[in-house]
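Structure file input27.csv; described as CSV, C-alpha atoms and all ligand atoms.
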chain,number,residue,atom,x,y,z
S,2,MET,CA,65.8,30.9,74.0
S,3,PRO,CA,63.6,32.9,71.6
S,4,SER,CA,60.8,30.8,70.1
S,5,THR,CA,60.3,30.3,66.3
S,6,ALA,CA,57.5,31.8,64.4
S,7,ARG,CA,53.9,30.7,65.2
S,8,ARG,CA,52.9,30.1,61.6
S,9,LEU,CA,55.3,27.1,61.5
S,10,ALA,CA,53.2,25.3,64.1
S,11,GLY,CA,50.4,24.9,61.4
S,12,PHE,CA,52.2,22.3,59.3
S,13,THR,CA,54.7,19.5,59.3
S,14,GLU,CA,57.6,18.7,57.0
S,15,SER,CA,56.4,17.1,53.8
S,16,VAL,CA,55.2,13.6,54.4
S,17,ILE,CA,56.0,12.7,50.8
S,18,ARG,CA,59.6,13.7,51.1
S,19,GLY,CA,59.7,12.0,54.6
S,20,MET,CA,58.6,8.7,53.1
S,21,THR,CA,61.4,8.9,50.5
S,22,ARG,CA,63.9,9.2,53.4
S,23,LEU,CA,62.3,6.3,55.2
S,24,ALA,CA,62.3,4.2,52.0
S,25,ASN,CA,66.0,4.8,51.5
S,26,GLN,CA,66.8,4.0,55.2
S,27,HIS,CA,65.1,0.6,54.8
S,28,GLY,CA,66.1,-0.2,51.2
S,29,ALA,CA,62.5,-0.3,50.1
S,30,ILE,CA,61.4,0.2,46.5
S,31,ASN,CA,60.4,3.8,46.5
S,32,LEU,CA,56.9,4.4,45.0
S,33,SER,CA,56.2,7.3,47.4
S,34,GLN,CA,57.7,10.6,46.1
S,35,GLY,CA,56.7,10.8,42.5
S,36,PHE,CA,59.9,10.9,40.3
S,37,PRO,CA,61.3,8.6,37.6
S,38,ASP,CA,64.1,6.1,37.9
S,39,PHE,CA,64.8,6.4,34.2
S,40,SER,CA,67.0,8.9,32.3
S,41,PRO,CA,65.8,12.2,30.8
S,42,PRO,CA,65.8,12.3,27.0
S,43,GLU,CA,69.3,12.1,25.4
S,44,GLU,CA,68.9,15.5,23.8
S,45,LEU,CA,68.7,17.1,27.3
S,46,LEU,CA,71.8,15.2,28.6
S,47,ALA,CA,73.8,16.2,25.5
S,48,ALA,CA,72.7,19.9,26.0
S,49,LEU,CA,73.6,19.7,29.7
S,50,GLU,CA,77.1,18.6,28.8
S,51,ARG,CA,77.4,21.5,26.3
S,52,ALA,CA,76.0,23.9,28.9
S,53,THR,CA,78.8,23.1,31.4
S,54,ARG,CA,81.3,24.5,28.9
S,55,GLY,CA,79.4,27.6,28.0
S,56,PRO,CA,79.1,31.0,29.6
S,57,HIS,CA,76.1,30.0,31.8
S,58,HIS,CA,77.7,29.8,35.3
S,59,GLN,CA,76.5,33.1,36.7
S,60,TYR,CA,73.1,34.4,37.6
S,61,ALA,CA,70.6,34.4,34.7
S,62,VAL,CA,68.0,37.2,34.4
S,63,THR,CA,66.1,36.8,37.6
S,64,TRP,CA,62.7,36.1,35.9
S,65,GLY,CA,64.4,33.6,33.5
S,66,ALA,CA,67.1,33.4,30.9
S,67,PRO,CA,65.8,35.0,27.6
S,68,ARG,CA,66.6,31.9,25.5
S,69,PHE,CA,64.7,29.6,27.9
S,70,ARG,CA,61.7,32.0,28.1
S,71,GLN,CA,61.5,32.2,24.3
S,72,ALA,CA,61.6,28.4,23.9
S,73,LEU,CA,59.1,28.1,26.7
S,74,ALA,CA,56.7,30.6,25.2
S,75,LYS,CA,56.8,28.7,21.9
S,76,LYS,CA,56.2,25.4,23.5
S,77,ILE,CA,53.3,26.7,25.5
S,78,ASN,CA,51.8,28.1,22.3
S,79,ARG,CA,52.2,24.8,20.5
S,80,PHE,CA,50.1,23.0,23.1
S,81,SER,CA,47.6,25.6,24.4
S,82,GLY,CA,47.3,28.0,21.4
S,83,LEU,CA,48.0,30.9,23.8
S,84,ALA,CA,50.1,33.7,22.4
S,85,ILE,CA,52.7,34.0,25.2
S,86,ASP,CA,55.0,37.0,25.3
S,87,PRO,CA,58.3,35.7,26.9
S,88,ASP,CA,59.0,39.2,28.3
S,89,GLN,CA,55.6,39.8,29.8
S,90,HIS,CA,53.8,36.6,30.7
S,91,LEU,CA,56.4,34.4,32.3
S,92,VAL,CA,58.6,34.0,35.5
S,93,VAL,CA,60.9,31.0,35.5
S,94,THR,CA,61.0,29.5,39.0
S,95,CYS,CA,62.6,26.6,40.9
S,96,GLY,CA,60.0,24.1,40.1
S,97,SER,CA,56.2,24.3,40.3
S,98,THR,CA,56.8,24.3,44.1
S,99,GLU,CA,58.2,27.8,44.0
S,100,ALA,CA,55.8,28.8,41.3
S,101,MET,CA,52.8,27.9,43.6
S,102,MET,CA,54.4,29.9,46.5
S,103,VAL,CA,55.0,32.8,44.3
S,104,ALA,CA,51.4,32.6,42.9
S,105,MET,CA,49.9,32.5,46.4
S,106,MET,CA,52.1,35.4,47.7
S,107,THR,CA,51.3,37.4,44.6
S,108,ALA,CA,47.5,36.8,44.8
S,109,CYS,CA,46.7,36.8,48.5
S,110,ASN,CA,46.7,39.2,51.4
S,111,PRO,CA,47.0,37.8,54.9
S,112,GLY,CA,43.5,36.6,55.9
S,113,ASP,CA,42.3,36.0,52.3
S,114,LYS,CA,40.4,32.8,51.7
S,115,VAL,CA,41.5,30.3,49.1
S,116,ILE,CA,39.5,27.4,47.8
S,117,VAL,CA,41.4,24.1,47.8
S,118,PHE,CA,39.9,20.8,46.5
S,119,SER,CA,40.4,17.8,48.9
S,120,PRO,CA,42.3,15.6,48.2
S,121,PHE,CA,45.0,18.0,47.4
S,122,TYR,CA,48.8,18.0,46.8
S,123,GLU,CA,50.2,18.5,50.3
S,124,ASN,CA,52.2,21.7,49.5
S,125,TYR,CA,49.0,23.8,49.1
S,126,ALA,CA,48.2,23.7,52.8
S,127,ALA,CA,51.7,24.9,53.7
S,128,ASP,CA,51.6,27.5,50.8
S,129,ALA,CA,48.4,28.9,52.3
S,130,ILE,CA,49.8,29.2,55.8
S,131,LEU,CA,53.1,30.8,54.6
S,132,SER,CA,51.2,33.3,52.5
S,133,GLY,CA,48.7,34.0,55.3
S,134,ALA,CA,45.7,32.7,53.4
S,135,GLU,CA,43.0,30.5,54.8
S,136,PRO,CA,41.9,27.4,52.9
S,137,ILE,CA,38.2,26.6,52.3
S,138,TYR,CA,38.2,22.9,51.3
S,139,VAL,CA,35.7,21.5,48.8
S,140,PRO,CA,35.7,17.7,48.5
S,141,LEU,CA,36.4,15.7,45.4
S,142,ARG,CA,34.4,12.5,46.1
S,143,ALA,CA,35.7,9.0,45.3
S,144,PRO,CA,35.5,7.0,43.1
S,145,THR,CA,35.1,9.6,40.4
S,146,PHE,CA,36.6,12.6,42.4
S,147,ASP,CA,34.0,14.9,40.9
S,148,PHE,CA,33.0,18.1,42.8
S,149,ASP,CA,29.5,19.2,43.6
S,150,PRO,CA,28.9,22.5,41.8
S,151,ASP,CA,26.6,23.7,44.6
S,152,GLU,CA,29.2,23.0,47.2
S,153,LEU,CA,31.7,24.9,45.1
S,154,ALA,CA,29.3,27.8,44.7
S,155,LYS,CA,28.8,27.9,48.5
S,156,ALA,CA,32.6,28.1,48.9
S,157,PHE,CA,32.8,30.9,46.4
S,158,ALA,CA,30.0,32.7,48.3
S,159,GLN,CA,32.6,33.1,51.1
S,160,LYS,CA,34.4,35.5,48.9
S,161,PRO,CA,37.8,33.7,48.3
S,162,LYS,CA,40.6,35.5,46.7
S,163,ALA,CA,41.6,32.5,44.6
S,164,ILE,CA,40.9,28.8,43.9
S,165,ILE,CA,43.7,26.3,43.4
S,166,VAL,CA,43.1,23.7,40.6
S,167,CYS,CA,45.6,20.9,40.2
S,168,ASN,CA,45.0,19.4,36.8
S,169,PRO,CA,45.7,16.5,36.2
S,170,SER,CA,45.3,16.1,39.9
S,171,ASN,CA,47.9,14.7,42.3
S,172,PRO,CA,47.0,12.5,44.2
S,173,CYS,CA,43.6,11.3,42.8
S,174,GLY,CA,44.4,11.3,39.1
S,175,LYS,CA,41.4,13.3,38.1
S,176,VAL,CA,41.5,15.2,34.8
S,177,PHE,CA,39.0,18.1,34.9
S,178,THR,CA,36.7,18.2,31.9
S,179,ARG,CA,36.2,21.4,29.9
S,180,THR,CA,32.7,21.6,31.4
S,181,GLU,CA,34.0,21.4,34.9
S,182,LEU,CA,36.7,24.0,34.3
S,183,LEU,CA,34.1,26.3,32.8
S,184,THR,CA,32.0,25.9,35.9
S,185,ILE,CA,35.0,26.9,37.9
S,186,LEU,CA,35.7,29.9,35.6
S,187,ARG,CA,32.1,31.2,35.7
S,188,LEU,CA,32.2,31.1,39.6
S,189,ALA,CA,35.6,32.8,39.6
S,190,GLU,CA,34.3,35.5,37.3
S,191,GLN,CA,31.2,36.0,39.3
S,192,HIS,CA,33.2,36.5,42.5
S,193,ASP,CA,36.2,38.1,40.9
S,194,ALA,CA,38.7,35.5,42.1
S,195,PHE,CA,42.0,34.3,40.7
S,196,VAL,CA,42.3,30.8,39.4
S,197,ILE,CA,45.8,29.4,40.4
S,198,THR,CA,46.4,26.2,38.4
S,199,ASP,CA,49.2,23.6,38.9
S,200,GLU,CA,49.7,21.6,35.8
S,201,PRO,CA,52.9,19.6,35.8
S,202,TYR,CA,51.3,16.5,34.5
S,203,GLU,CA,49.7,18.2,31.4
S,204,HIS,CA,51.4,15.6,29.1
S,205,ILE,CA,50.6,12.6,31.2
S,206,VAL,CA,46.9,12.1,30.4
S,207,TYR,CA,45.3,8.8,29.5
S,208,ALA,CA,42.8,8.5,26.6
S,209,PRO,CA,40.0,9.4,26.2
S,210,ASN,CA,40.8,12.2,28.7
S,211,THR,CA,42.5,15.3,27.3
S,212,HIS,CA,44.2,18.2,29.0
S,213,VAL,CA,42.5,21.5,28.8
S,214,HIS,CA,44.7,24.5,29.6
S,215,PHE,CA,42.7,26.7,32.0
S,216,ALA,CA,44.3,29.9,30.9
S,217,ALA,CA,43.2,29.2,27.3
S,218,LEU,CA,39.5,29.0,28.1
S,219,PRO,CA,37.6,32.0,26.7
S,220,GLY,CA,38.1,35.0,29.0
S,221,ALA,CA,40.2,33.1,31.5
S,222,PHE,CA,43.7,34.4,30.8
S,223,GLU,CA,43.4,37.6,32.8
S,224,ARG,CA,42.5,35.9,36.1
S,225,THR,CA,44.5,32.7,35.7
S,226,ILE,CA,47.9,32.2,37.3
S,227,THR,CA,49.3,29.0,35.7
S,228,CYS,CA,52.0,27.2,37.6
S,229,ASN,CA,53.9,24.5,35.8
S,230,SER,CA,57.1,22.5,35.8
S,231,LEU,CA,59.5,20.7,33.4
S,232,SER,CA,60.1,18.0,36.1
S,233,LYS,CA,57.6,15.4,34.9
S,234,THR,CA,57.5,16.2,31.2
S,235,TYR,CA,61.2,15.7,30.7
S,236,SER,CA,62.0,13.4,33.7
S,237,ILE,CA,64.2,16.1,35.4
S,238,THR,CA,62.7,16.5,38.9
S,239,GLY,CA,66.1,17.4,40.3
S,240,TRP,CA,66.7,20.3,37.9
S,241,ARG,CA,64.0,22.3,39.7
S,242,LEU,CA,62.7,24.2,36.7
S,243,GLY,CA,59.2,25.6,36.6
S,244,TYR,CA,57.3,28.7,35.8
S,245,VAL,CA,54.5,31.1,36.5
S,246,GLN,CA,52.4,32.2,33.5
S,247,ALA,CA,50.0,35.1,33.9
S,248,ALA,CA,48.8,38.5,32.7
S,249,PRO,CA,51.5,41.2,32.6
S,250,HIS,CA,50.3,43.1,35.7
S,251,VAL,CA,50.3,39.9,37.7
S,252,ILE,CA,53.7,38.9,36.4
S,253,ALA,CA,55.2,42.3,37.3
S,254,GLN,CA,54.3,41.5,40.9
S,255,ALA,CA,55.2,37.8,40.8
S,256,ARG,CA,58.7,38.8,39.6
S,257,LYS,CA,59.3,40.7,42.8
S,258,VAL,CA,58.3,37.8,45.0
S,259,HIS,CA,60.4,35.4,43.0
S,260,ASP,CA,63.4,37.7,43.0
S,261,PHE,CA,63.5,38.0,46.8
S,262,LEU,CA,62.7,34.3,47.4
S,263,THR,CA,65.3,32.7,45.1
S,264,VAL,CA,66.8,35.2,42.6
S,265,GLY,CA,66.5,32.6,40.0
S,266,ALA,CA,66.5,29.0,38.7
S,267,ALA,CA,69.9,27.5,37.9
S,268,ALA,CA,71.3,29.2,34.8
S,269,PRO,CA,73.1,26.2,33.2
S,270,LEU,CA,70.0,24.1,33.6
S,271,GLN,CA,67.8,26.7,31.9
S,272,GLU,CA,70.2,26.7,29.0
S,273,ALA,CA,70.2,22.9,28.8
S,274,ALA,CA,66.4,22.5,29.2
S,275,VAL,CA,65.9,24.5,26.0
S,276,ALA,CA,66.7,21.2,24.2
S,277,GLY,CA,63.7,19.7,25.9
S,278,LEU,CA,61.3,22.5,25.1
S,279,GLU,CA,62.3,22.2,21.4
S,280,LEU,CA,61.6,18.4,21.2
S,281,PRO,CA,59.1,17.6,18.5
S,282,ASP,CA,55.4,16.6,19.1
S,283,SER,CA,56.4,13.0,18.7
S,284,TYR,CA,58.3,13.2,22.0
S,285,TYR,CA,55.1,14.1,23.9
S,286,ALA,CA,53.1,11.4,22.2
S,287,GLY,CA,55.8,8.9,23.2
S,288,LEU,CA,55.7,10.1,26.8
S,289,GLY,CA,52.0,9.6,26.9
S,290,GLU,CA,52.3,6.1,25.5
S,291,LEU,CA,55.1,5.2,27.9
S,292,TYR,CA,53.0,6.2,30.9
S,293,ALA,CA,49.9,4.5,29.5
S,294,ALA,CA,51.9,1.2,29.4
S,295,LYS,CA,53.1,1.8,32.9
S,296,ARG,CA,49.5,2.5,34.1
S,297,THR,CA,48.4,-0.8,32.5
S,298,LEU,CA,51.2,-2.7,34.2
S,299,PHE,CA,50.7,-1.1,37.6
S,300,THR,CA,47.0,-1.7,37.4
S,301,SER,CA,47.6,-5.4,36.9
S,302,ILE,CA,50.0,-5.4,39.8
S,303,LEU,CA,47.5,-3.7,42.1
S,304,LYS,CA,44.8,-6.1,41.0
S,305,GLN,CA,46.8,-8.9,42.4
S,306,THR,CA,46.6,-7.5,45.9
S,307,GLY,CA,42.8,-8.0,45.8
S,308,LEU,CA,42.4,-4.5,47.2
S,309,LYS,CA,40.5,-1.7,45.6
S,310,PHE,CA,42.4,1.2,44.0
S,311,THR,CA,42.0,4.3,41.9
S,312,GLU,CA,42.9,4.2,38.2
S,313,PRO,CA,44.1,7.7,37.2
S,314,GLN,CA,42.8,9.6,34.2
S,315,GLY,CA,46.1,11.6,34.3
S,316,ALA,CA,49.3,11.9,36.3
S,317,TYR,CA,51.0,8.8,37.7
S,318,TYR,CA,49.5,8.0,41.1
S,319,SER,CA,47.1,5.3,42.4
S,320,LEU,CA,45.4,5.4,45.8
S,321,LEU,CA,45.3,1.8,47.2
S,322,ASP,CA,42.4,1.2,49.6
S,323,ILE,CA,44.2,-0.6,52.5
S,324,SER,CA,41.3,-0.6,54.9
S,325,PRO,CA,40.9,-4.4,54.7
S,326,LEU,CA,44.4,-4.8,56.1
S,327,GLY,CA,43.1,-3.6,59.5
S,328,PHE,CA,45.7,-1.0,60.5
S,329,LYS,CA,44.6,1.8,62.8
S,330,THR,CA,46.0,4.5,60.6
S,331,ASP,CA,47.4,4.8,57.1
S,332,THR,CA,50.7,6.0,58.5
S,333,GLU,CA,51.1,2.8,60.4
S,334,ALA,CA,50.2,0.8,57.3
S,335,ALA,CA,52.7,2.8,55.2
S,336,GLU,CA,55.5,2.2,57.7
S,337,TRP,CA,54.7,-1.5,57.8
S,338,MET,CA,54.7,-1.6,54.0
S,339,ILE,CA,58.2,-0.1,53.9
S,340,LYS,CA,59.6,-2.2,56.7
S,341,GLU,CA,57.9,-5.6,56.1
S,342,ILE,CA,56.9,-5.6,52.4
S,343,GLY,CA,59.7,-3.4,51.1
S,344,VAL,CA,57.6,-1.0,49.0
S,345,ALA,CA,57.2,2.7,50.0
S,346,GLY,CA,54.0,4.7,49.4
S,347,VAL,CA,52.6,7.9,51.0
S,348,PRO,CA,49.9,7.7,53.7
S,349,GLY,CA,46.8,9.1,51.9
S,350,SER,CA,45.8,11.2,54.9
S,351,SER,CA,48.4,13.8,54.1
S,352,PHE,CA,46.4,14.7,51.0
S,353,PHE,CA,42.9,14.9,52.6
S,354,ARG,CA,41.2,17.6,54.7
S,355,GLU,CA,38.7,14.9,55.9
S,356,PRO,CA,39.9,12.3,58.4
S,357,GLU,CA,40.6,9.8,55.6
S,358,HIS,CA,42.9,6.9,56.5
S,359,ARG,CA,41.8,4.4,53.8
S,360,TYR,CA,44.6,5.0,51.3
S,361,ILE,CA,48.2,4.7,50.5
S,362,ARG,CA,49.3,6.6,47.4
S,363,PHE,CA,51.8,4.8,45.1
S,364,HIS,CA,53.3,6.2,41.9
S,365,PHE,CA,54.3,4.3,38.8
S,366,ALA,CA,56.9,6.6,37.2
S,367,LYS,CA,59.4,3.7,37.4
S,368,LYS,CA,61.1,1.3,34.9
S,369,GLU,CA,59.2,-1.8,34.1
S,370,GLU,CA,61.7,-3.9,36.1
S,371,THR,CA,61.2,-1.7,39.2
S,372,LEU,CA,57.4,-1.9,38.9
S,373,ARG,CA,57.6,-5.8,38.5
S,374,ALA,CA,59.9,-6.1,41.5
S,375,ALA,CA,57.5,-3.9,43.5
S,376,GLY,CA,54.6,-6.2,42.2
S,377,GLU,CA,56.3,-9.3,43.5
S,378,LYS,CA,56.6,-7.7,47.0
S,379,LEU,CA,53.0,-6.3,46.9
S,380,ALA,CA,51.6,-9.7,46.0
S,381,ARG,CA,52.4,-10.7,49.6
S,382,ILE,CA,49.6,-8.4,51.0
S,383,LYS,CA,47.0,-10.4,49.0
S,384,ARG,CA,43.7,-10.8,51.0
A,401,LIG,N1,54.9,15.8,43.0
A,401,LIG,C1,55.7,14.7,43.6
A,401,LIG,C2,54.8,13.9,44.5
A,401,LIG,O1,53.7,14.2,44.8
A,401,LIG,C3,56.8,15.2,44.4
A,401,LIG,C4,57.1,16.6,44.2
A,401,LIG,C5,58.1,17.1,45.2
A,401,LIG,O2,58.5,16.4,46.1
A,401,LIG,N2,58.5,18.3,45.1
A,401,LIG,O3,55.3,12.9,45.0
So, in terms of structure tokens, how does the structure I just supplied come out?
Ligand code: GLN
Amino acid sequence: MPSTARRLAGFTESVIRGMTRLANQHGAINLSQGFPDFSPPEELLAALERATRGPHHQYAVTWGAPRFRQALAKKINRFSGLAIDPDQHLVVTCGSTEAMMVAMMTACNPGDKVIVFSPFYENYAADAILSGAEPIYVPLRAPTFDFDPDELAKAFAQKPKAIIVCNPSNPCGKVFTRTELLTILRLAEQHDAFVITDEPYEHIVYAPNTHVHFAALPGAFERTITCNSLSKTYSITGWRLGYVQAAPHVIAQARKVHDFLTVGAAAPLQEAAVAGLELPDSYYAGLGELYAAKRTLFTSILKQTGLKFTEPQGAYYSLLDISPLGFKTDTEAAEWMIKEIGVAGVPGSSFFREPEHRYIRFHFAKKEETLRAAGEKLARIKR
């Protein structure tokens, strides 16, 4: 029998998605893979019904339906101030997952180095392998998850082609300050590297923290490849809508990668999602308040366990320090949690370069009743 490609030996299937399957198998409350159990805004649902009856059932333009790109450009402008040309600065993708893969394949030659902060969203390691890039990891250290600028400068001295910045950060909830982002930008300029950002949680940020769009920093646009998604902002993770935003010469190349990977995102869903992009500012304020209330509730739930945990500045994840529970590995702990406690999380080790087995990641993008039910179960692990 012929053997499969060597590059596939370097990574496993997604641990996050695997935990969802295990949760379903055991009927556990699923706080592992981050997605809501509540409905998208009514405006999107109504638009989706309308879209089913419209002429949107064949391929859209490969880099995105014009109406969707126009609405997207306006929405990006509203929140970042950037003047986005829908025909030159955007490629619509199947989620930020595809956007990141497109960004990596567009920026990197095989053998190029890419800086990745650790902890990191697990896709980045696989994206690096699939695009032939080699990660250089720079730690974000608990409890604040700040980076050491000298360590970052040393990583840049290795001449990376790009750095990946997930902001707000999954899994640690860090929201990078303007000063931190400027430090990253100065180093990227000095070493002529791309900055690939992943920003699906831009509207889920807790006061007093605020989201700074990297591409909108002075002088940043030309070297920034922004990846983003509509999944979290409009509670439509299953629609698989995302985008790459970059300078025209980068987009011209990114379009090619995207075209041959997927041809395009689902046409009727692009049509329907325009209703989301056109929602007023009050929608985003409401989303922020909704998640702030969920964070408060989930914080009180985790406090009852008597264990330490991270309180995010943005996004909707907490890392629970399960080391006092005495398990050999976090994977063992996560499986026990699903089978015996009835709540699913993700073993933290899948997000760290370092051998870190202290954490289980839980998310709180769930209805209040779901979170309370999880709370009752989690109370049983109290030390
Ligand atoms: N971002 C979500 C998480 O970290 C899941 C995204 C996905 O599975 N594509 O859980």
Distance filter 7 Å around ligand LIG 401 (chain A), atoms: all atoms listed in the file, out as a PyMOL selection string:
chain S and resi 17-18+33-36+98+122+171-172
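Pairwise distance (atom CA of S:Val275, atom CA of S:Lys233) equals 15.2 Å.
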Would you list the contacts of stretch 124-137 of chain S as a count of residues only, taking every protein, DNA or RNA residue within 6 Å and counting all atoms listed in the file, but skipping same-chain residues closer than 2 positions in sequence?
9
Compile the contact shell of S:Thr225 as a list in words: residues with an atom at most 6 Å away, counting all atoms listed in the file, same-chain residues fewer than 2 positions apart removed.
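With the cut-off at 6 Å, the set is Phe195, Val196, Ile197, Ala216, Phe222 and Glu223 of chain S.
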Using only C-alpha atoms, pick whichever of S:Gly277, S:Gly289, S:Gly239, S:Pro150 has the shortest atom-to-atom distance to S:Val206.
S:Gly289
Find, counting only C-alpha atoms, the residue in S:Leu183, S:Ala380, S:Leu45, S:Leu326 that gets nearest to S:Gly343.
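Smallest separation from S:Gly343 among the options: S:Ala380.
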Do you have the atom CA of S:Gln89-atom CA of S:Arg70 distance handy?
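These two atoms are separated by 10.0 Å.
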Computed interatomic separation between atom CA of S:Ala194 and atom CA of S:Gly220 (Å):
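Taking atom CA of S:Ala194 as the start and atom CA of S:Gly220 as the end point, the length is 13.1 Å.
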Can you work out which one of S:Thr211, S:Thr332, S:Asn110, S:Ser283 has the shortest atom-to-atom distance to S:Gly19, counting only C-alpha atoms?
S:Thr332
